[in-house]
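Below is structure_18.csv, holding CSV, C-alpha atoms and all ligand atoms.
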```csv
chain,number,residue,atom,x,y,z
A,1,MET,CA,0.0,0.0,0.0
A,2,GLY,CA,1.0,3.6,-0.2
A,3,VAL,CA,0.1,7.1,0.9
A,4,ARG,CA,0.1,10.2,-1.2
A,5,PHE,CA,0.2,13.9,-0.1
A,6,ARG,CA,-2.7,15.5,-2.0
A,7,GLY,CA,-3.0,19.0,-0.8
A,8,TRP,CA,-1.4,21.6,1.5
A,9,GLY,CA,-2.5,24.8,3.3
A,10,ILE,CA,-1.1,27.3,5.8
A,11,ALA,CA,-2.2,30.1,8.0
A,12,VAL,CA,-0.2,32.8,9.9
A,13,PRO,CA,-1.5,35.8,11.8
A,14,ASP,CA,-1.2,39.2,10.2
A,15,ARG,CA,0.6,40.8,13.2
A,16,ILE,CA,4.4,40.8,12.6
A,17,VAL,CA,6.7,41.3,15.6
A,18,THR,CA,10.2,42.2,14.6
A,19,ASN,CA,13.4,41.8,16.6
A,20,ASP,CA,13.6,45.6,16.9
A,21,GLU,CA,10.1,45.7,18.5
A,22,LEU,CA,11.1,43.1,21.1
A,23,SER,CA,14.3,45.1,21.8
A,24,LEU,CA,12.1,48.0,22.9
A,25,THR,CA,10.9,46.0,26.0
A,26,LEU,CA,13.6,43.3,26.4
A,27,ASP,CA,17.3,43.4,27.1
A,28,THR,CA,18.1,42.0,23.6
A,29,SER,CA,18.9,43.2,20.1
A,30,ASP,CA,18.2,42.4,16.5
A,31,GLN,CA,21.9,41.5,16.1
A,32,TRP,CA,21.9,39.0,19.0
A,33,ILE,CA,18.7,37.3,17.9
A,34,THR,CA,19.7,37.2,14.2
A,35,GLU,CA,23.2,35.9,14.9
A,36,ARG,CA,22.2,33.3,17.5
A,37,THR,CA,19.0,32.0,16.0
A,38,GLY,CA,18.5,33.3,12.4
A,39,ILE,CA,15.1,34.7,13.4
A,40,ARG,CA,14.2,38.2,12.2
A,41,GLU,CA,10.5,38.4,12.9
A,42,ARG,CA,7.6,36.2,14.0
A,43,ARG,CA,3.8,36.2,13.6
A,44,VAL,CA,1.6,36.6,16.7
A,45,GLY,CA,-2.1,36.1,17.2
A,46,GLY,CA,-5.1,33.8,16.5
A,47,SER,CA,-5.5,30.5,18.3
A,48,ALA,CA,-4.7,26.8,17.5
A,49,MET,CA,-8.3,26.5,16.4
A,50,SER,CA,-8.6,29.6,14.2
A,51,LEU,CA,-5.3,29.1,12.5
A,52,GLY,CA,-5.9,25.4,12.1
A,53,VAL,CA,-9.3,26.0,10.5
A,54,ILE,CA,-7.7,28.2,7.8
A,55,ALA,CA,-4.8,25.9,7.1
A,56,GLY,CA,-7.1,22.8,7.0
A,57,ARG,CA,-9.7,24.5,4.7
A,58,ASP,CA,-6.9,25.5,2.3
A,59,ALA,CA,-5.4,22.0,2.3
A,60,ILE,CA,-8.7,20.4,1.4
A,61,ALA,CA,-9.3,23.0,-1.3
A,62,ASP,CA,-5.7,22.4,-2.6
A,63,SER,CA,-6.4,18.6,-2.8
A,64,GLY,CA,-9.5,19.2,-4.9
A,65,MET,CA,-11.5,17.0,-2.5
A,66,GLU,CA,-14.9,17.5,-0.9
A,67,LEU,CA,-15.3,17.8,2.9
A,68,SER,CA,-17.1,14.5,2.9
A,69,ASP,CA,-14.0,12.8,1.5
A,70,ILE,CA,-12.0,13.4,4.7
A,71,ASP,CA,-12.5,10.5,7.1
A,72,PHE,CA,-10.2,11.4,9.9
A,73,LEU,CA,-8.6,14.6,11.3
A,74,VAL,CA,-5.4,14.5,13.3
A,75,LEU,CA,-4.3,17.8,14.8
A,76,ALA,CA,-0.7,18.2,16.1
A,77,THR,CA,-0.6,20.9,18.7
A,78,THR,CA,1.3,21.8,21.9
A,79,THR,CA,-1.0,24.7,22.6
A,80,PRO,CA,-4.6,23.5,22.4
A,81,ASP,CA,-7.2,26.2,23.0
A,82,ARG,CA,-8.4,24.3,26.1
A,83,LEU,CA,-7.1,21.4,28.1
A,84,CYS,CA,-10.4,19.7,27.4
A,85,PRO,CA,-12.0,19.2,25.0
A,86,ALA,CA,-9.3,18.6,22.4
A,87,THR,CA,-9.0,21.3,19.7
A,88,ALA,CA,-9.4,18.9,16.7
A,89,PRO,CA,-13.2,18.3,17.2
A,90,MET,CA,-13.7,22.1,17.3
A,91,ILE,CA,-11.7,22.5,14.1
A,92,ALA,CA,-13.6,19.7,12.5
A,93,ASN,CA,-16.9,21.4,13.5
A,94,GLU,CA,-15.8,24.7,12.1
A,95,LEU,CA,-14.8,23.1,8.8
A,96,GLY,CA,-18.0,21.1,8.6
A,97,LEU,CA,-16.3,17.7,9.0
A,98,THR,CA,-18.2,15.0,10.8
A,99,CYS,CA,-15.3,12.5,10.9
A,100,PRO,CA,-13.3,11.4,14.0
A,101,ALA,CA,-10.9,14.1,15.2
A,102,MET,CA,-8.2,14.0,17.8
A,103,ASP,CA,-5.2,15.9,19.1
A,104,VAL,CA,-1.6,14.7,19.1
A,105,ASN,CA,1.0,16.4,21.3
A,106,ALA,CA,4.6,15.7,20.5
A,107,ALA,CA,5.7,19.3,20.7
A,108,CYS,CA,7.9,20.4,17.8
A,109,SER,CA,7.9,16.9,16.3
A,110,GLY,CA,4.1,17.0,16.4
A,111,PHE,CA,3.5,17.3,12.7
A,112,MET,CA,5.6,14.3,11.8
A,113,TYR,CA,4.1,12.3,14.6
A,114,ALA,CA,0.7,13.2,13.2
A,115,VAL,CA,1.8,12.2,9.7
A,116,ARG,CA,3.0,8.9,11.1
A,117,THR,CA,-0.4,8.5,12.9
A,118,ALA,CA,-2.2,9.3,9.6
A,119,TYR,CA,-0.1,6.7,7.8
A,120,GLY,CA,-1.2,4.1,10.3
A,121,LEU,CA,-4.8,5.1,9.9
A,122,LEU,CA,-4.5,4.8,6.1
A,123,GLU,CA,-2.9,1.4,6.5
A,124,THR,CA,-5.9,0.2,8.5
A,125,GLY,CA,-8.9,1.3,6.5
A,126,ASN,CA,-9.1,5.1,6.4
A,127,LYS,CA,-9.0,6.7,2.9
A,128,ARG,CA,-8.2,10.3,3.4
A,129,VAL,CA,-6.8,12.0,6.6
A,130,LEU,CA,-6.4,15.7,7.2
A,131,VAL,CA,-3.3,16.4,9.2
A,132,ILE,CA,-2.9,19.8,10.8
A,133,GLY,CA,-0.1,21.4,12.9
A,134,ALA,CA,-1.4,24.5,14.6
A,135,GLU,CA,0.2,26.5,17.4
A,136,HIS,CA,-0.6,29.5,19.5
A,137,LEU,CA,2.7,29.6,21.3
A,138,SER,CA,2.6,33.3,22.1
A,139,ARG,CA,-0.2,32.7,24.6
A,140,TRP,CA,2.3,30.7,26.8
A,141,VAL,CA,5.2,33.0,26.4
A,142,ASP,CA,6.3,35.3,29.3
A,143,TRP,CA,7.0,38.4,27.2
A,144,SER,CA,9.4,39.7,29.8
A,145,ASP,CA,11.6,36.5,29.5
A,146,ARG,CA,14.1,37.1,26.7
A,147,ASN,CA,15.1,33.5,26.7
A,148,MET,CA,11.8,32.4,25.2
A,149,ALA,CA,10.2,35.5,23.8
A,150,VAL,CA,12.6,35.9,21.0
A,151,LEU,CA,12.2,32.3,19.7
A,152,LEU,CA,8.5,31.5,19.3
A,153,GLY,CA,5.8,32.4,16.9
A,154,ASP,CA,2.2,31.4,15.9
A,155,GLY,CA,1.0,29.6,12.8
A,156,ALA,CA,-0.5,26.5,11.2
A,157,GLY,CA,0.1,24.2,8.3
A,158,ALA,CA,-2.0,21.2,7.0
A,159,ALA,CA,-1.8,18.4,4.5
A,160,VAL,CA,-4.3,15.9,3.1
A,161,LEU,CA,-3.0,12.4,2.9
A,162,GLU,CA,-4.7,9.8,0.8
A,163,TYR,CA,-4.5,6.0,0.6
A,164,ASP,CA,-3.2,4.8,-2.8
A,165,PRO,CA,-2.9,1.1,-3.6
A,166,ASP,CA,-0.6,1.9,-6.5
A,167,GLY,CA,2.1,4.3,-5.2
A,168,ASN,CA,3.7,5.8,-2.2
A,169,ASP,CA,5.1,9.2,-1.2
A,170,LEU,CA,6.2,8.2,2.3
A,171,LEU,CA,9.1,5.8,2.0
A,172,SER,CA,10.2,5.6,5.6
A,173,PHE,CA,10.0,7.0,9.2
A,174,HIS,CA,12.1,7.1,12.2
A,175,LEU,CA,10.5,8.4,15.4
A,176,GLY,CA,11.7,8.5,19.0
A,177,ALA,CA,11.1,9.8,22.5
A,178,ASP,CA,13.3,10.2,25.6
A,179,GLY,CA,11.2,11.3,28.6
A,180,SER,CA,14.3,11.4,30.8
A,181,ALA,CA,14.9,14.8,29.1
A,182,ALA,CA,11.4,16.0,29.9
A,183,ASP,CA,12.5,18.8,32.2
A,184,LEU,CA,14.7,20.5,29.5
A,185,LEU,CA,11.7,22.2,27.8
A,186,THR,CA,8.5,22.6,29.8
A,187,CYS,CA,5.3,24.6,30.2
A,188,GLU,CA,3.5,23.9,33.5
A,189,HIS,CA,-0.3,24.4,33.9
A,190,GLY,CA,-0.9,28.1,34.1
A,191,GLY,CA,2.7,28.9,33.5
A,192,PHE,CA,5.0,29.8,30.6
A,193,PHE,CA,7.5,28.0,28.4
A,194,GLN,CA,10.9,27.5,30.0
A,195,MET,CA,14.0,25.9,28.4
A,196,ASP,CA,17.5,24.8,29.0
A,197,GLY,CA,18.4,26.1,25.5
A,198,LYS,CA,22.0,24.9,25.5
A,199,GLU,CA,21.2,21.3,26.4
A,200,VAL,CA,18.2,21.2,24.0
A,201,PHE,CA,20.5,22.5,21.2
A,202,ARG,CA,23.1,19.8,21.9
A,203,ARG,CA,20.6,17.0,22.0
A,204,ALA,CA,18.6,18.3,19.0
A,205,VAL,CA,21.6,18.1,16.7
A,206,ARG,CA,22.3,14.5,17.9
A,207,VAL,CA,18.8,13.2,17.5
A,208,VAL,CA,18.2,14.9,14.1
A,209,VAL,CA,21.3,13.4,12.7
A,210,ASP,CA,20.6,9.9,14.1
A,211,SER,CA,16.9,9.8,13.1
A,212,ALA,CA,17.7,11.2,9.6
A,213,GLU,CA,20.4,8.6,9.0
A,214,LYS,CA,18.0,5.8,10.2
A,215,ALA,CA,15.2,7.1,8.0
A,216,MET,CA,17.5,7.3,4.9
A,217,ALA,CA,18.9,3.8,5.6
A,218,SER,CA,15.4,2.3,5.8
A,219,ALA,CA,14.3,4.1,2.6
A,220,GLY,CA,17.5,2.8,0.9
A,221,ILE,CA,18.9,6.2,0.0
A,222,THR,CA,21.9,8.3,1.0
A,223,ALA,CA,22.2,12.0,1.8
A,224,ASP,CA,23.4,12.5,-1.8
A,225,ASP,CA,20.0,11.4,-3.1
A,226,LEU,CA,18.1,14.2,-1.2
A,227,SER,CA,17.0,17.2,-3.2
A,228,LEU,CA,15.5,18.9,-0.2
A,229,VAL,CA,15.6,18.9,3.6
A,230,ILE,CA,12.6,20.4,5.4
A,231,PRO,CA,13.7,20.7,9.0
A,232,HIS,CA,11.9,21.9,12.1
A,233,GLN,CA,12.6,25.6,12.3
A,234,ALA,CA,14.0,26.2,15.8
A,235,ASN,CA,17.4,27.7,15.2
A,236,ILE,CA,19.5,28.2,12.0
A,237,ARG,CA,22.6,27.0,13.9
A,238,ILE,CA,20.9,23.7,14.8
A,239,ILE,CA,20.0,23.2,11.2
A,240,GLN,CA,23.5,24.1,10.0
A,241,ALA,CA,25.1,21.8,12.5
A,242,ALA,CA,22.8,18.8,11.7
A,243,THR,CA,23.0,19.2,7.9
A,244,GLN,CA,26.7,19.6,8.0
A,245,ARG,CA,27.1,16.3,9.9
A,246,LEU,CA,24.8,14.7,7.4
A,247,GLY,CA,26.9,16.0,4.5
A,248,ILE,CA,24.1,18.2,3.1
A,249,GLU,CA,24.8,21.8,1.9
A,250,MET,CA,22.5,24.5,3.2
A,251,GLU,CA,21.3,25.2,-0.5
A,252,ARG,CA,19.3,22.0,-0.2
A,253,THR,CA,17.7,23.1,3.1
A,254,VAL,CA,14.5,25.1,3.5
A,255,ILE,CA,14.6,28.0,5.9
A,256,THR,CA,11.5,30.0,7.0
A,257,LEU,CA,12.4,30.7,10.7
A,258,ASP,CA,13.7,34.1,9.6
A,259,ARG,CA,10.1,35.1,9.0
A,260,TYR,CA,8.1,32.9,11.4
A,261,GLY,CA,10.4,32.0,14.3
A,262,ASN,CA,9.8,28.6,15.9
A,263,THR,CA,6.2,27.6,15.3
A,264,SER,CA,6.6,24.1,16.8
A,265,SER,CA,4.3,21.6,15.0
A,266,ALA,CA,3.4,24.2,12.3
A,267,SER,CA,7.0,24.7,11.2
A,268,ILE,CA,7.5,21.8,8.8
A,269,PRO,CA,4.3,22.3,6.8
A,270,LEU,CA,5.0,26.1,6.7
A,271,ALA,CA,8.4,25.3,5.4
A,272,PHE,CA,7.1,22.7,2.8
A,273,TYR,CA,4.6,25.3,1.6
A,274,ASP,CA,7.3,27.9,1.2
A,275,ALA,CA,9.5,25.4,-0.8
A,276,ARG,CA,6.6,24.6,-3.1
A,277,GLU,CA,5.8,28.3,-3.6
A,278,ASN,CA,9.4,28.7,-4.7
A,279,GLY,CA,9.3,25.8,-7.1
A,280,ARG,CA,11.6,23.6,-5.0
A,281,VAL,CA,9.2,20.6,-4.8
A,282,LYS,CA,9.6,18.5,-7.9
A,283,SER,CA,8.0,15.2,-8.8
A,284,GLY,CA,10.4,12.3,-8.3
A,285,ASP,CA,12.6,14.1,-5.9
A,286,TYR,CA,13.5,12.8,-2.5
A,287,ALA,CA,13.1,15.0,0.6
A,288,LEU,CA,13.9,14.6,4.3
A,289,LEU,CA,11.4,16.0,6.7
A,290,THR,CA,12.8,16.0,10.3
A,291,GLY,CA,11.7,17.5,13.6
A,292,PHE,CA,12.7,17.5,17.3
A,293,GLY,CA,11.3,19.0,20.4
A,294,ALA,CA,10.1,18.9,24.0
A,295,GLY,CA,9.7,15.5,25.4
A,296,MET,CA,12.2,15.0,24.1
A,297,THR,CA,10.7,13.7,20.9
A,298,TRP,CA,12.1,13.5,17.4
A,299,ALA,CA,10.8,12.3,14.0
A,300,SER,CA,12.2,12.0,10.5
A,301,ALA,CA,10.6,10.8,7.3
A,302,ILE,CA,11.8,10.3,3.7
A,303,VAL,CA,9.4,11.4,1.1
A,304,LYS,CA,9.4,10.9,-2.7
A,305,TRP,CA,7.2,13.6,-4.1
A,306,SER,CA,4.7,12.2,-6.6
A,307,ARG,CA,3.6,15.8,-7.6
A,401,LIG,O1,11.8,23.7,19.1
A,401,LIG,C1,12.7,23.0,19.9
A,401,LIG,C2,13.1,23.7,21.1
A,401,LIG,N1,14.0,24.8,21.0
A,401,LIG,C3,15.2,24.8,20.5
A,401,LIG,O2,15.6,24.0,19.8
A,401,LIG,C4,16.2,25.9,20.9
A,401,LIG,C5,17.5,25.3,21.3
A,401,LIG,N2,18.5,26.3,21.8
A,401,LIG,C6,18.8,27.5,21.2
A,401,LIG,O3,18.3,27.7,20.1
A,401,LIG,C7,19.9,28.3,21.8
A,401,LIG,O4,20.5,27.7,22.9
A,401,LIG,C8,19.3,29.7,22.3
A,401,LIG,C9,19.0,30.6,21.1
A,401,LIG,C10,18.1,29.5,23.1
A,401,LIG,C11,20.4,30.5,23.0
A,401,LIG,O5,21.6,30.6,22.2
A,401,LIG,P1,23.0,30.3,22.9
A,401,LIG,O6,24.0,30.5,21.8
A,401,LIG,O7,23.0,28.9,23.4
A,401,LIG,O8,23.2,31.4,23.9
A,401,LIG,P2,23.4,31.2,25.5
A,401,LIG,O9,22.2,30.7,26.2
A,401,LIG,O10,24.7,30.5,25.7
A,401,LIG,O11,23.6,32.7,25.9
A,401,LIG,C12,24.8,33.5,25.5
A,401,LIG,C13,24.7,34.8,26.1
A,401,LIG,C14,24.5,34.8,27.6
A,401,LIG,O12,25.1,35.9,28.2
A,401,LIG,P3,26.6,35.7,28.9
A,401,LIG,O13,26.4,34.7,30.0
A,401,LIG,O14,27.5,35.2,27.8
A,401,LIG,O15,26.9,37.1,29.4
A,401,LIG,C15,23.0,35.0,27.7
A,401,LIG,O16,22.6,35.6,29.0
A,401,LIG,O17,23.6,35.5,25.6
A,401,LIG,C16,22.7,36.0,26.6
A,401,LIG,N3,21.4,35.9,26.1
A,401,LIG,C17,20.8,36.9,25.4
A,401,LIG,N4,21.3,38.1,25.0
A,401,LIG,C18,20.4,38.9,24.3
A,401,LIG,C19,20.5,34.9,26.2
A,401,LIG,N5,19.3,35.2,25.6
A,401,LIG,C20,19.5,36.5,25.0
A,401,LIG,C21,18.7,37.3,24.3
A,401,LIG,N6,19.2,38.5,23.9
A,401,LIG,N7,17.5,37.0,23.9
```
Let me see the file written as structure tokens.
Ligand code: UT7
Amino acid sequence: MGVRFRGWGIAVPDRIVTNDELSLTLDTSDQWITERTGIRERRVGGSAMSLGVIAGRDAIADSGMELSDIDFLVLATTTPDRLCPATAPMIANELGLTCPAMDVNAACSGFMYAVRTAYGLLETGNKRVLVIGAEHLSRWVDWSDRNMAVLLGDGAGAAVLEYDPDGNDLLSFHLGADGSAADLLTCEHGGFFQMDGKEVFRRAVRVVVDSAEKAMASAGITADDLSLVIPHQANIRIIQAATQRLGIEMERTVITLDRYGNTSSASIPLAFYDARENGRVKSGDYALLTGFGAGMTWASAIVKWSR
């Protein structure tokens, strides 16, 4: 069996917060943020539901399908609108979907965990799954804490995945989790995001390289075969360090963090969309999609674009 990507959509809030704007209230600077992270601005606003609805609607339209074609919705989010109920049923209701709908929380690996979940659903009888990554991280940021405030942004991205008995876009996965590192990046109930940035950085490079190598090996390809790397957008230096170890030049890597910051489970679909808009997604090409985040969790997949 196989699974095809059929359509994509994104949503970002209109409000742009630049590094200079943050420097007005925080002891930071555009130079520090740009040099240490690659981030120049981020979008702020909306909610996981409102952004997820727009991205989901666009992905269904892009796929050319009807609402009634979708038979499962998986939402990846670290920042659901409410602890209970899950945000996915509310998005489904707004979209006019009546199918099952659930949230998945794997932090910044969330979109790839949701794609892996969708793959399993399609292997076992579902026909078309809408996968959304949607985040309202700014709600859980202490805007007086320069450690986190400069990094995060809001946004959403979505994809429609369809069962195809005759072909396959998703060649392999490698996912992992290490709860012994849970305290490195947290947000307690009623609190704000907090992180041991240095240690997350160190581990992120290690797990991205390891999971990417395992995903490539199980797809039977090498780094030389990859036309594109679509990494989670946390820090340009993490992406540079990981791709350098994998032997992949930055020219083959998609970067959107300069405009959106770290949008957690929205970052990979936002980056895919940007690559497609810029003509970088070509039929027959291999791509590595790879994420890491709180948990810690990590997830890589090798994709061969069919269109
Ligand atoms: O999505 C997955 C989760 N997140 C990540 O993957 C993020 C992983 N970590 C990182 O991206 C980086 O560790 C950070 C961007 C968070 C920090 O960069 P760094 O190069 O590790 O900086 P640092 O924490 O070692 O701080 C260097 C200096 C310190 O000052 P001193 O001790 O050298 O005087 C900090 O106090 O920079 C200072 N600093 C800042 N200065 C201006 C820390 N944050 C800021 C800031 N503006 N926002």
May I ask which of the residues A:Trp298, A:Trp143, A:Phe111, A:Tyr163 is the closest one to Thr124 of chain A, counting only C-alpha atoms? A:Tyr163
For Ile238 of chain A, which of A:Val205, A:Ile268, A:Leu226, A:Leu185 is the closest residue, counting only C-alpha atoms?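 Checking each of A:Val205, A:Ile268, A:Leu226, A:Leu185 against Ile238 of chain A, counting only C-alpha atoms, the winner is A:Val205.
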What is the distance, in Å and to one decimal place, between atom CA of Arg6 of chain A and atom CA of Gly64 of chain A?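 Between these atoms lies a distance of 8.3 Å.
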Residue nearest ligand LIG 401 (chain A) among A:Val150, A:Ala242, A:Met296, A:Ala266 (counting all atoms listed in the file):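 Between A:Val150, A:Ala242, A:Met296, A:Ala266, the residue approaching ligand LIG 401 (chain A) most closely is A:Val150.
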Which residues are close to segment 277-294 of chain A, i.e. within 8 Å by all atoms listed in the file, leaving aside same-chain residues fewer than 4 positions away? Reply as a PDB file with C-alpha atoms, in the frame of the given file.
```pdb
ATOM      1  CA  ALA A 106       4.600  15.700  20.500  1.00  0.00           C
ATOM      2  CA  ALA A 107       5.700  19.300  20.700  1.00  0.00           C
ATOM      3  CA  CYS A 108       7.900  20.400  17.800  1.00  0.00           C
ATOM      4  CA  SER A 109       7.900  16.900  16.300  1.00  0.00           C
ATOM      5  CA  MET A 112       5.600  14.300  11.800  1.00  0.00           C
ATOM      6  CA  ALA A 182      11.400  16.000  29.900  1.00  0.00           C
ATOM      7  CA  LEU A 184      14.700  20.500  29.500  1.00  0.00           C
ATOM      8  CA  LEU A 185      11.700  22.200  27.800  1.00  0.00           C
ATOM      9  CA  THR A 186       8.500  22.600  29.800  1.00  0.00           C
ATOM     10  CA  ALA A 204      18.600  18.300  19.000  1.00  0.00           C
ATOM     11  CA  VAL A 207      18.800  13.200  17.500  1.00  0.00           C
ATOM     12  CA  VAL A 208      18.200  14.900  14.100  1.00  0.00           C
ATOM     13  CA  SER A 211      16.900   9.800  13.100  1.00  0.00           C
ATOM     14  CA  ALA A 212      17.700  11.200   9.600  1.00  0.00           C
ATOM     15  CA  ASP A 225      20.000  11.400  -3.100  1.00  0.00           C
ATOM     16  CA  LEU A 226      18.100  14.200  -1.200  1.00  0.00           C
ATOM     17  CA  SER A 227      17.000  17.200  -3.200  1.00  0.00           C
ATOM     18  CA  LEU A 228      15.500  18.900  -0.200  1.00  0.00           C
ATOM     19  CA  VAL A 229      15.600  18.900   3.600  1.00  0.00           C
ATOM     20  CA  ILE A 230      12.600  20.400   5.400  1.00  0.00           C
ATOM     21  CA  PRO A 231      13.700  20.700   9.000  1.00  0.00           C
ATOM     22  CA  HIS A 232      11.900  21.900  12.100  1.00  0.00           C
ATOM     23  CA  SER A 264       6.600  24.100  16.800  1.00  0.00           C
ATOM     24  CA  ILE A 268       7.500  21.800   8.800  1.00  0.00           C
ATOM     25  CA  TYR A 273       4.600  25.300   1.600  1.00  0.00           C
ATOM     26  CA  TRP A 298      12.100  13.500  17.400  1.00  0.00           C
ATOM     27  CA  ALA A 299      10.800  12.300  14.000  1.00  0.00           C
ATOM     28  CA  SER A 300      12.200  12.000  10.500  1.00  0.00           C
ATOM     29  CA  ALA A 301      10.600  10.800   7.300  1.00  0.00           C
ATOM     30  CA  ILE A 302      11.800  10.300   3.700  1.00  0.00           C
ATOM     31  CA  VAL A 303       9.400  11.400   1.100  1.00  0.00           C
ATOM     32  CA  LYS A 304       9.400  10.900  -2.700  1.00  0.00           C
ATOM     33  CA  TRP A 305       7.200  13.600  -4.100  1.00  0.00           C
ATOM     34  CA  SER A 306       4.700  12.200  -6.600  1.00  0.00           C
ATOM     35  CA  ARG A 307       3.600  15.800  -7.600  1.00  0.00           C
TER      36      ARG A 307
END
```
So which residues touch Leu83 of chain A within 12 Å, counting all atoms listed in the file, skipping near sequence neighbours fewer than 5 positions away, as number ranges by chain? A: 77-78, 88, 103, 105, 189-190
Distance atom CA of Gly176 of chain A-atom CA of Arg116 of chain A, one decimal place?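 Rounded to one decimal, the two atoms are 11.8 Å apart.
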One decimal, Å: what's the distance from atom CA of Gly9 of chain A over to atom CA of Phe173 of chain A, could you say?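 These atoms are spaced 22.5 Å apart.
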Within 10 Å of Asp62 of chain A using all atoms listed in the file, minus same-chain residues under 3 positions, as a list of chain:residue names: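 Once the nearby chain positions are removed, what remains is A:Arg6, A:Gly7, A:Trp8, A:Gly9, A:Gly56, A:Arg57, A:Asp58, A:Ala59, A:Met65, A:Ala159, A:Val160.
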Now that the selection is made, can you save its residues with C-alpha atoms as a PDB file, keeping the file's coordinate frame?
```
ATOM      1  CA  ARG A   6      -2.700  15.500  -2.000  1.00  0.00           C
ATOM      2  CA  GLY A   7      -3.000  19.000  -0.800  1.00  0.00           C
ATOM      3  CA  TRP A   8      -1.400  21.600   1.500  1.00  0.00           C
ATOM      4  CA  GLY A   9      -2.500  24.800   3.300  1.00  0.00           C
ATOM      5  CA  GLY A  56      -7.100  22.800   7.000  1.00  0.00           C
ATOM      6  CA  ARG A  57      -9.700  24.500   4.700  1.00  0.00           C
ATOM      7  CA  ASP A  58      -6.900  25.500   2.300  1.00  0.00           C
ATOM      8  CA  ALA A  59      -5.400  22.000   2.300  1.00  0.00           C
ATOM      9  CA  MET A  65     -11.500  17.000  -2.500  1.00  0.00           C
ATOM     10  CA  ALA A 159      -1.800  18.400   4.500  1.00  0.00           C
ATOM     11  CA  VAL A 160      -4.300  15.900   3.100  1.00  0.00           C
TER      12      VAL A 160
END
```
